[in-house]
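Chemist: Encoded as structure tokens, here's the structure I'll be asking about.
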Amino acid sequence: MDSMLNQLSSPRELETMTEGEIEQLAKEIRAFIIQSVSQTGGHLASSLGVVEITLALHSVFDFSNDRIIWDVGHQAYAHKIITGRMHDFHTLRQYGGISGFPKITESPYDHFNTGHSSTSISAALGMAVSRDLAGQKQDVIAFIGDGSLTAGLAFEAMNQAGHLKKKMMVILNDNEMSISHNVGALSGYLNQILSGKLYNRMRNQVEVVLKSVPGIGNSFIKLAKAMEDTLKRLFVPGMLFEELGFHYVGPVDGHDYTKLVTTLQKARKIDGPVLVHIKTVKGKGYKYAEKSPAKWHGASPFEISSGRTLGKPKTVPSYTSVFGETMLQLAKENPKITAITAAMPSGTGLERFSEHFPDRFFDVGIAEQHAVTFAAGMAISGKKPFVAIYSTFLQRAYDQVIHDTCLMSLPVVFCLDRAGIVGADGETHHGLFDLSFLRPIPNLILMAPADENELRNMLFTASGLSMPAAIRYPRGSGEGVPLDEVLQEIPIGKSRVLLEGEDAVVLAVGPMAWKAQRVAKRLASEGLSIKVIDARFIKPLDETAILDAVDNCGMVITCEENALAGGFGSAVLELMEQNRMLTPVLRIGIPDIIVHHGATPELQDELRLTEAHLFYRIREFIMENRTVRKHRN
Ligand SMILES: Cc1ncc(C[n+]2csc(CCOP(=O)(O)OP(=O)(O)O)c2C)c(N)n1
């Protein structure tokens, strides 16, 4: 017999399915997700946790017309599978394949692109307002996790939604996990919310007990009644949301399909903002993911039976792990050092730091803006905070970097992991803009290590600075270079020469510097003598070294994995313009396009950033300009 999943041709068919059929379908969807992600890698645990609620939502609503915004969007695999993308699932997150996140260009069932967290309620409210202005009728739903709810953005949206009183629904998927365990007072609050029934039962029991105490019982009950409002605040489920203007429903078992359907049907009738609180198990249905949901939040290809990750073990340490180890070393020597993450203790490599220095480590939740200003508060009070945030997520905290840190020149160190192309997560996650958005900020020292040893030395250098600094480094393995045992201070604004040459100079940022050095060595066999400089500093630039090299070599090539607009190459052009230099320049970097998802080498190939491309691009540029020069002479 054909499987339920194979037979499903439209989500509308869910409405007429029996409970048993839905149960079977949920099982098949889970098996399909596990099978598929074991091959491609992807966000496993979050998607496994929301299968029943996804089916219930599609049964009650019709998302060819109604709207749903999946917050972050990493949990939307079941939604993708039942909305026509099952047969493309083997291409998930692959070059040219379907995205790991909702994409409005991919399906009419995806209504808003996501990837960064906590945007869903704002977007849903905007849609609800537009709907009403247009006199339309769709239902609008924001689906948000308890982790994503920790961001200020989500609360800003609820604040306005409670005020506007537009008809909209928020589904709060509470699995007590962000990527790691969810943190903070809100998470504690969600844990304490009792069901309505439980509240009533507790209240009745208290009454019975008090009445049975001779003398004080009745008068105490009167007092308690007078304090009802206060007591309610303690016991009524979801009071926080009620006070924000939402009608609170829940908590509901997020794996009980029938209960979910009746709850959604009732909630749908409420005219105004309603929040449905569901409790789910992250990783549901795959024992390894249920046991270690943080580890299985994002999975590399794996063997299903053992949960073992496939592929060769990495021999060269990643930038992330070198960062984590160096932070530990620095913190042992300098008690002023603190470390801050916005819900990414493992992704940023700070887990060991958190174990060794629990008092000096802070996971602030998904709250990048707060993370930065919180660090600034520590810095102005004599601490040396290191804020570890992926390049793409620091975009959230731009004003805090400028207004709360750099304008006061506070000694915060921004550690930007995942700078450059990140691969399978795609357009929302590439770190392609940080050089452009950080470069104009006064007082900020901006560095990029060419290898993991330089990362260590830059961290050490930054630890001694009395002003703000940012260090950007890529995802994945380092260059495999030996690590200095004794950390070296790097003079601020000083580059280093990786190769001497006379025909042209390559000025490169980050690991592009070693790439360029290898390319230049190959070009030497074609008779071209190319100087290669590891810029190290994007700000301040090593002006003397750059101007000398430009003067001596006569042709300049800049290399960076950052947007060409406003990046390192732009900085070099500005320097040349200030010095009236008309030397030919080739800027290699990311053009003004959206870089999609795929394996990093494939994307680098498309963007002509691989060593092979650099070889031809640099050779062509030198040849062209030599011919022009000959003609002029
Ligand atoms: C602004 C931003 N910061 C950090 C992240 C990285 N991130 C992706 S998912 C996630 C946890 C989300 O937790 P939750 O919303 O509870 O969803 P769950 O995975 O538990 O289903 C984090 C921190 C992000 N996507 N966006």
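Each chain in the structure tokens gets a letter, A, B, ..., in the order shown, and its residues are numbered from 1; ligands are numbered from 1 in order too.
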Taking the chain letters and numbering used in this document, name the residues of range 412-491 of chain A that DSSP puts in strand (DSSP E or B), as a PyMOL selection string.
Modeler: chain A and resi 413-416+420+431+445-447+469-472+477
Chemist: Against ligand 1, which residues of chain A fall within 9 Å? For each one I want the closest pair of atoms and the distance in Å (one decimal), counting only C-alpha atoms and all ligand atoms, rows by chain and increasing residue number, as JSON lines.
Modeler:
```
{"residue": "A:His43", "atom": "CA", "partner": "ligand 1", "partner_atom_place_in_ligand_line": "19 (O)", "distance": 8.3}
{"residue": "A:Ala45", "atom": "CA", "partner": "ligand 1", "partner_atom_place_in_ligand_line": "19 (O)", "distance": 7.2}
{"residue": "A:Ser46", "atom": "CA", "partner": "ligand 1", "partner_atom_place_in_ligand_line": "21 (O)", "distance": 4.2}
{"residue": "A:Ser47", "atom": "CA", "partner": "ligand 1", "partner_atom_place_in_ligand_line": "21 (O)", "distance": 7.2}
{"residue": "A:Gly49", "atom": "CA", "partner": "ligand 1", "partner_atom_place_in_ligand_line": "21 (O)", "distance": 7.3}
{"residue": "A:Val50", "atom": "CA", "partner": "ligand 1", "partner_atom_place_in_ligand_line": "21 (O)", "distance": 8.0}
{"residue": "A:Asp71", "atom": "CA", "partner": "ligand 1", "partner_atom_place_in_ligand_line": "15 (O)", "distance": 7.0}
{"residue": "A:Val72", "atom": "CA", "partner": "ligand 1", "partner_atom_place_in_ligand_line": "25 (N)", "distance": 5.3}
{"residue": "A:Gly73", "atom": "CA", "partner": "ligand 1", "partner_atom_place_in_ligand_line": "9 (S)", "distance": 8.3}
{"residue": "A:His74", "atom": "CA", "partner": "ligand 1", "partner_atom_place_in_ligand_line": "9 (S)", "distance": 6.8}
{"residue": "A:Gln75", "atom": "CA", "partner": "ligand 1", "partner_atom_place_in_ligand_line": "21 (O)", "distance": 6.0}
{"residue": "A:Thr114", "atom": "CA", "partner": "ligand 1", "partner_atom_place_in_ligand_line": "25 (N)", "distance": 8.5}
{"residue": "A:Gly115", "atom": "CA", "partner": "ligand 1", "partner_atom_place_in_ligand_line": "25 (N)", "distance": 5.3}
{"residue": "A:His116", "atom": "CA", "partner": "ligand 1", "partner_atom_place_in_ligand_line": "26 (N)", "distance": 3.5}
{"residue": "A:Ser117", "atom": "CA", "partner": "ligand 1", "partner_atom_place_in_ligand_line": "26 (N)", "distance": 3.9}
{"residue": "A:Ser118", "atom": "CA", "partner": "ligand 1", "partner_atom_place_in_ligand_line": "1 (C)", "distance": 7.0}
{"residue": "A:Thr119", "atom": "CA", "partner": "ligand 1", "partner_atom_place_in_ligand_line": "1 (C)", "distance": 8.7}
{"residue": "A:Ile144", "atom": "CA", "partner": "ligand 1", "partner_atom_place_in_ligand_line": "15 (O)", "distance": 5.8}
{"residue": "A:Gly145", "atom": "CA", "partner": "ligand 1", "partner_atom_place_in_ligand_line": "15 (O)", "distance": 3.3}
{"residue": "A:Asp146", "atom": "CA", "partner": "ligand 1", "partner_atom_place_in_ligand_line": "16 (O)", "distance": 4.2}
{"residue": "A:Gly147", "atom": "CA", "partner": "ligand 1", "partner_atom_place_in_ligand_line": "16 (O)", "distance": 3.3}
{"residue": "A:Ser148", "atom": "CA", "partner": "ligand 1", "partner_atom_place_in_ligand_line": "15 (O)", "distance": 3.7}
{"residue": "A:Leu149", "atom": "CA", "partner": "ligand 1", "partner_atom_place_in_ligand_line": "15 (O)", "distance": 6.6}
{"residue": "A:Thr150", "atom": "CA", "partner": "ligand 1", "partner_atom_place_in_ligand_line": "15 (O)", "distance": 8.4}
{"residue": "A:Ala151", "atom": "CA", "partner": "ligand 1", "partner_atom_place_in_ligand_line": "1 (C)", "distance": 8.0}
{"residue": "A:Leu172", "atom": "CA", "partner": "ligand 1", "partner_atom_place_in_ligand_line": "15 (O)", "distance": 8.9}
{"residue": "A:Asn173", "atom": "CA", "partner": "ligand 1", "partner_atom_place_in_ligand_line": "21 (O)", "distance": 6.9}
{"residue": "A:Asp174", "atom": "CA", "partner": "ligand 1", "partner_atom_place_in_ligand_line": "16 (O)", "distance": 6.6}
{"residue": "A:Asn175", "atom": "CA", "partner": "ligand 1", "partner_atom_place_in_ligand_line": "20 (O)", "distance": 5.8}
{"residue": "A:Glu176", "atom": "CA", "partner": "ligand 1", "partner_atom_place_in_ligand_line": "16 (O)", "distance": 6.9}
{"residue": "A:Met177", "atom": "CA", "partner": "ligand 1", "partner_atom_place_in_ligand_line": "20 (O)", "distance": 4.6}
{"residue": "A:Ser178", "atom": "CA", "partner": "ligand 1", "partner_atom_place_in_ligand_line": "13 (O)", "distance": 3.4}
{"residue": "A:Ile179", "atom": "CA", "partner": "ligand 1", "partner_atom_place_in_ligand_line": "11 (C)", "distance": 4.4}
{"residue": "A:Ser180", "atom": "CA", "partner": "ligand 1", "partner_atom_place_in_ligand_line": "11 (C)", "distance": 7.6}
{"residue": "A:His181", "atom": "CA", "partner": "ligand 1", "partner_atom_place_in_ligand_line": "20 (O)", "distance": 8.7}
{"residue": "A:Asn182", "atom": "CA", "partner": "ligand 1", "partner_atom_place_in_ligand_line": "16 (O)", "distance": 7.1}
{"residue": "A:Thr280", "atom": "CA", "partner": "ligand 1", "partner_atom_place_in_ligand_line": "21 (O)", "distance": 9.0}
{"residue": "A:Lys282", "atom": "CA", "partner": "ligand 1", "partner_atom_place_in_ligand_line": "20 (O)", "distance": 6.6}
{"residue": "A:Pro293", "atom": "CA", "partner": "ligand 1", "partner_atom_place_in_ligand_line": "20 (O)", "distance": 8.6}
{"residue": "A:Ala294", "atom": "CA", "partner": "ligand 1", "partner_atom_place_in_ligand_line": "19 (O)", "distance": 8.6}
{"residue": "A:His297", "atom": "CA", "partner": "ligand 1", "partner_atom_place_in_ligand_line": "19 (O)", "distance": 6.5}
{"residue": "A:Gly298", "atom": "CA", "partner": "ligand 1", "partner_atom_place_in_ligand_line": "9 (S)", "distance": 9.0}
{"residue": "A:Ala342", "atom": "CA", "partner": "ligand 1", "partner_atom_place_in_ligand_line": "4 (C)", "distance": 6.7}
{"residue": "A:Ala343", "atom": "CA", "partner": "ligand 1", "partner_atom_place_in_ligand_line": "23 (C)", "distance": 4.9}
{"residue": "A:Met344", "atom": "CA", "partner": "ligand 1", "partner_atom_place_in_ligand_line": "23 (C)", "distance": 5.9}
{"residue": "A:Gly347", "atom": "CA", "partner": "ligand 1", "partner_atom_place_in_ligand_line": "6 (C)", "distance": 8.9}
{"residue": "A:Gly365", "atom": "CA", "partner": "ligand 1", "partner_atom_place_in_ligand_line": "23 (C)", "distance": 7.5}
{"residue": "A:Ile366", "atom": "CA", "partner": "ligand 1", "partner_atom_place_in_ligand_line": "3 (N)", "distance": 5.3}
{"residue": "A:Ala367", "atom": "CA", "partner": "ligand 1", "partner_atom_place_in_ligand_line": "3 (N)", "distance": 7.2}
{"residue": "A:Glu368", "atom": "CA", "partner": "ligand 1", "partner_atom_place_in_ligand_line": "1 (C)", "distance": 6.9}
{"residue": "A:Ile389", "atom": "CA", "partner": "ligand 1", "partner_atom_place_in_ligand_line": "3 (N)", "distance": 8.4}
{"residue": "A:Tyr390", "atom": "CA", "partner": "ligand 1", "partner_atom_place_in_ligand_line": "4 (C)", "distance": 8.1}
{"residue": "A:Thr392", "atom": "CA", "partner": "ligand 1", "partner_atom_place_in_ligand_line": "1 (C)", "distance": 8.2}
{"residue": "A:Phe393", "atom": "CA", "partner": "ligand 1", "partner_atom_place_in_ligand_line": "1 (C)", "distance": 5.2}
{"residue": "A:Leu394", "atom": "CA", "partner": "ligand 1", "partner_atom_place_in_ligand_line": "1 (C)", "distance": 8.1}
{"residue": "A:Gln395", "atom": "CA", "partner": "ligand 1", "partner_atom_place_in_ligand_line": "1 (C)", "distance": 8.6}
{"residue": "A:Arg396", "atom": "CA", "partner": "ligand 1", "partner_atom_place_in_ligand_line": "1 (C)", "distance": 6.7}
{"residue": "A:Thr428", "atom": "CA", "partner": "ligand 1", "partner_atom_place_in_ligand_line": "25 (N)", "distance": 8.7}
{"residue": "A:His429", "atom": "CA", "partner": "ligand 1", "partner_atom_place_in_ligand_line": "25 (N)", "distance": 8.2}
```
Chemist: Considering only C-alpha atoms, return as a list of chain:residue names whatever protein or nucleic-acid residues lie within 7 Å of range 30-38 of chain A, sequence-local ones (same chain, fewer than 4 positions apart) excluded.
Modeler: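 Once the adjacent positions are removed, what remains is A:Ala26, A:Gly42, A:Leu44, A:Leu48, A:Phe89, A:His90, A:Gly285, A:Pro301, A:Phe302, A:Glu303, A:Ile304.
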Chemist: Only C-alpha atoms, please: the residues just picked out, written as a compact mmCIF listing (two decimals), in the first residue's frame.
Modeler:
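Done, and the output landed in out.txt:
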```
# COMPACT_ATOMS: atom_id res chain seq x y z
CA ALA A 26 2.74 12.18 11.51
CA GLY A 42 19.73 20.37 8.53
CA LEU A 44 16.39 18.27 12.75
CA LEU A 48 10.59 16.90 14.59
CA PHE A 89 13.56 17.42 -0.13
CA HIS A 90 16.73 15.56 -1.09
CA GLY A 285 10.38 10.73 17.60
CA PRO A 301 24.69 14.02 7.76
CA PHE A 302 24.46 11.06 10.16
CA GLU A 303 23.82 7.34 10.47
CA ILE A 304 20.23 6.91 11.67
```
Chemist: In range 437-474 of chain A, what's alpha helix (DSSP H) per DSSP? Answer as a list in words?
Modeler: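 Residues of range 437-474 of chain A classed as alpha helix (DSSP H): Phe437, Leu438, Glu452, Asn453, Glu454, Leu455, Arg456, Asn457, Met458, Leu459, Phe460, Thr461, Ala462 and Ser463 of chain A.
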Chemist: Write the residues of the preceding selection, restricted to C-alpha atoms, as a PDB file, in the first residue's frame.
Modeler:
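Dumped everything to again_38.pdb:
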```pdb
ATOM      1  CA  PHE A 437      28.855  48.395   8.296  1.00  0.00           C
ATOM      2  CA  LEU A 438      31.629  48.503  10.900  1.00  0.00           C
ATOM      3  CA  GLU A 452      43.793  30.598  13.494  1.00  0.00           C
ATOM      4  CA  ASN A 453      47.135  31.625  14.982  1.00  0.00           C
ATOM      5  CA  GLU A 454      46.514  35.201  13.990  1.00  0.00           C
ATOM      6  CA  LEU A 455      43.050  34.934  15.573  1.00  0.00           C
ATOM      7  CA  ARG A 456      44.686  34.015  18.867  1.00  0.00           C
ATOM      8  CA  ASN A 457      47.079  36.917  18.667  1.00  0.00           C
ATOM      9  CA  MET A 458      44.327  39.342  17.702  1.00  0.00           C
ATOM     10  CA  LEU A 459      42.246  38.253  20.692  1.00  0.00           C
ATOM     11  CA  PHE A 460      45.279  38.792  22.897  1.00  0.00           C
ATOM     12  CA  THR A 461      45.913  42.194  21.313  1.00  0.00           C
ATOM     13  CA  ALA A 462      42.264  43.198  21.767  1.00  0.00           C
ATOM     14  CA  SER A 463      42.341  42.138  25.408  1.00  0.00           C
TER      15      SER A 463
END
```
Chemist: Rounded to one decimal place, report the CA of Pro251 in chain A-CA of Arg268 in chain A distance in Å.
Modeler: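 According to the coordinates, CA of Pro251 in chain A and CA of Arg268 in chain A are separated by 16.1 Å.
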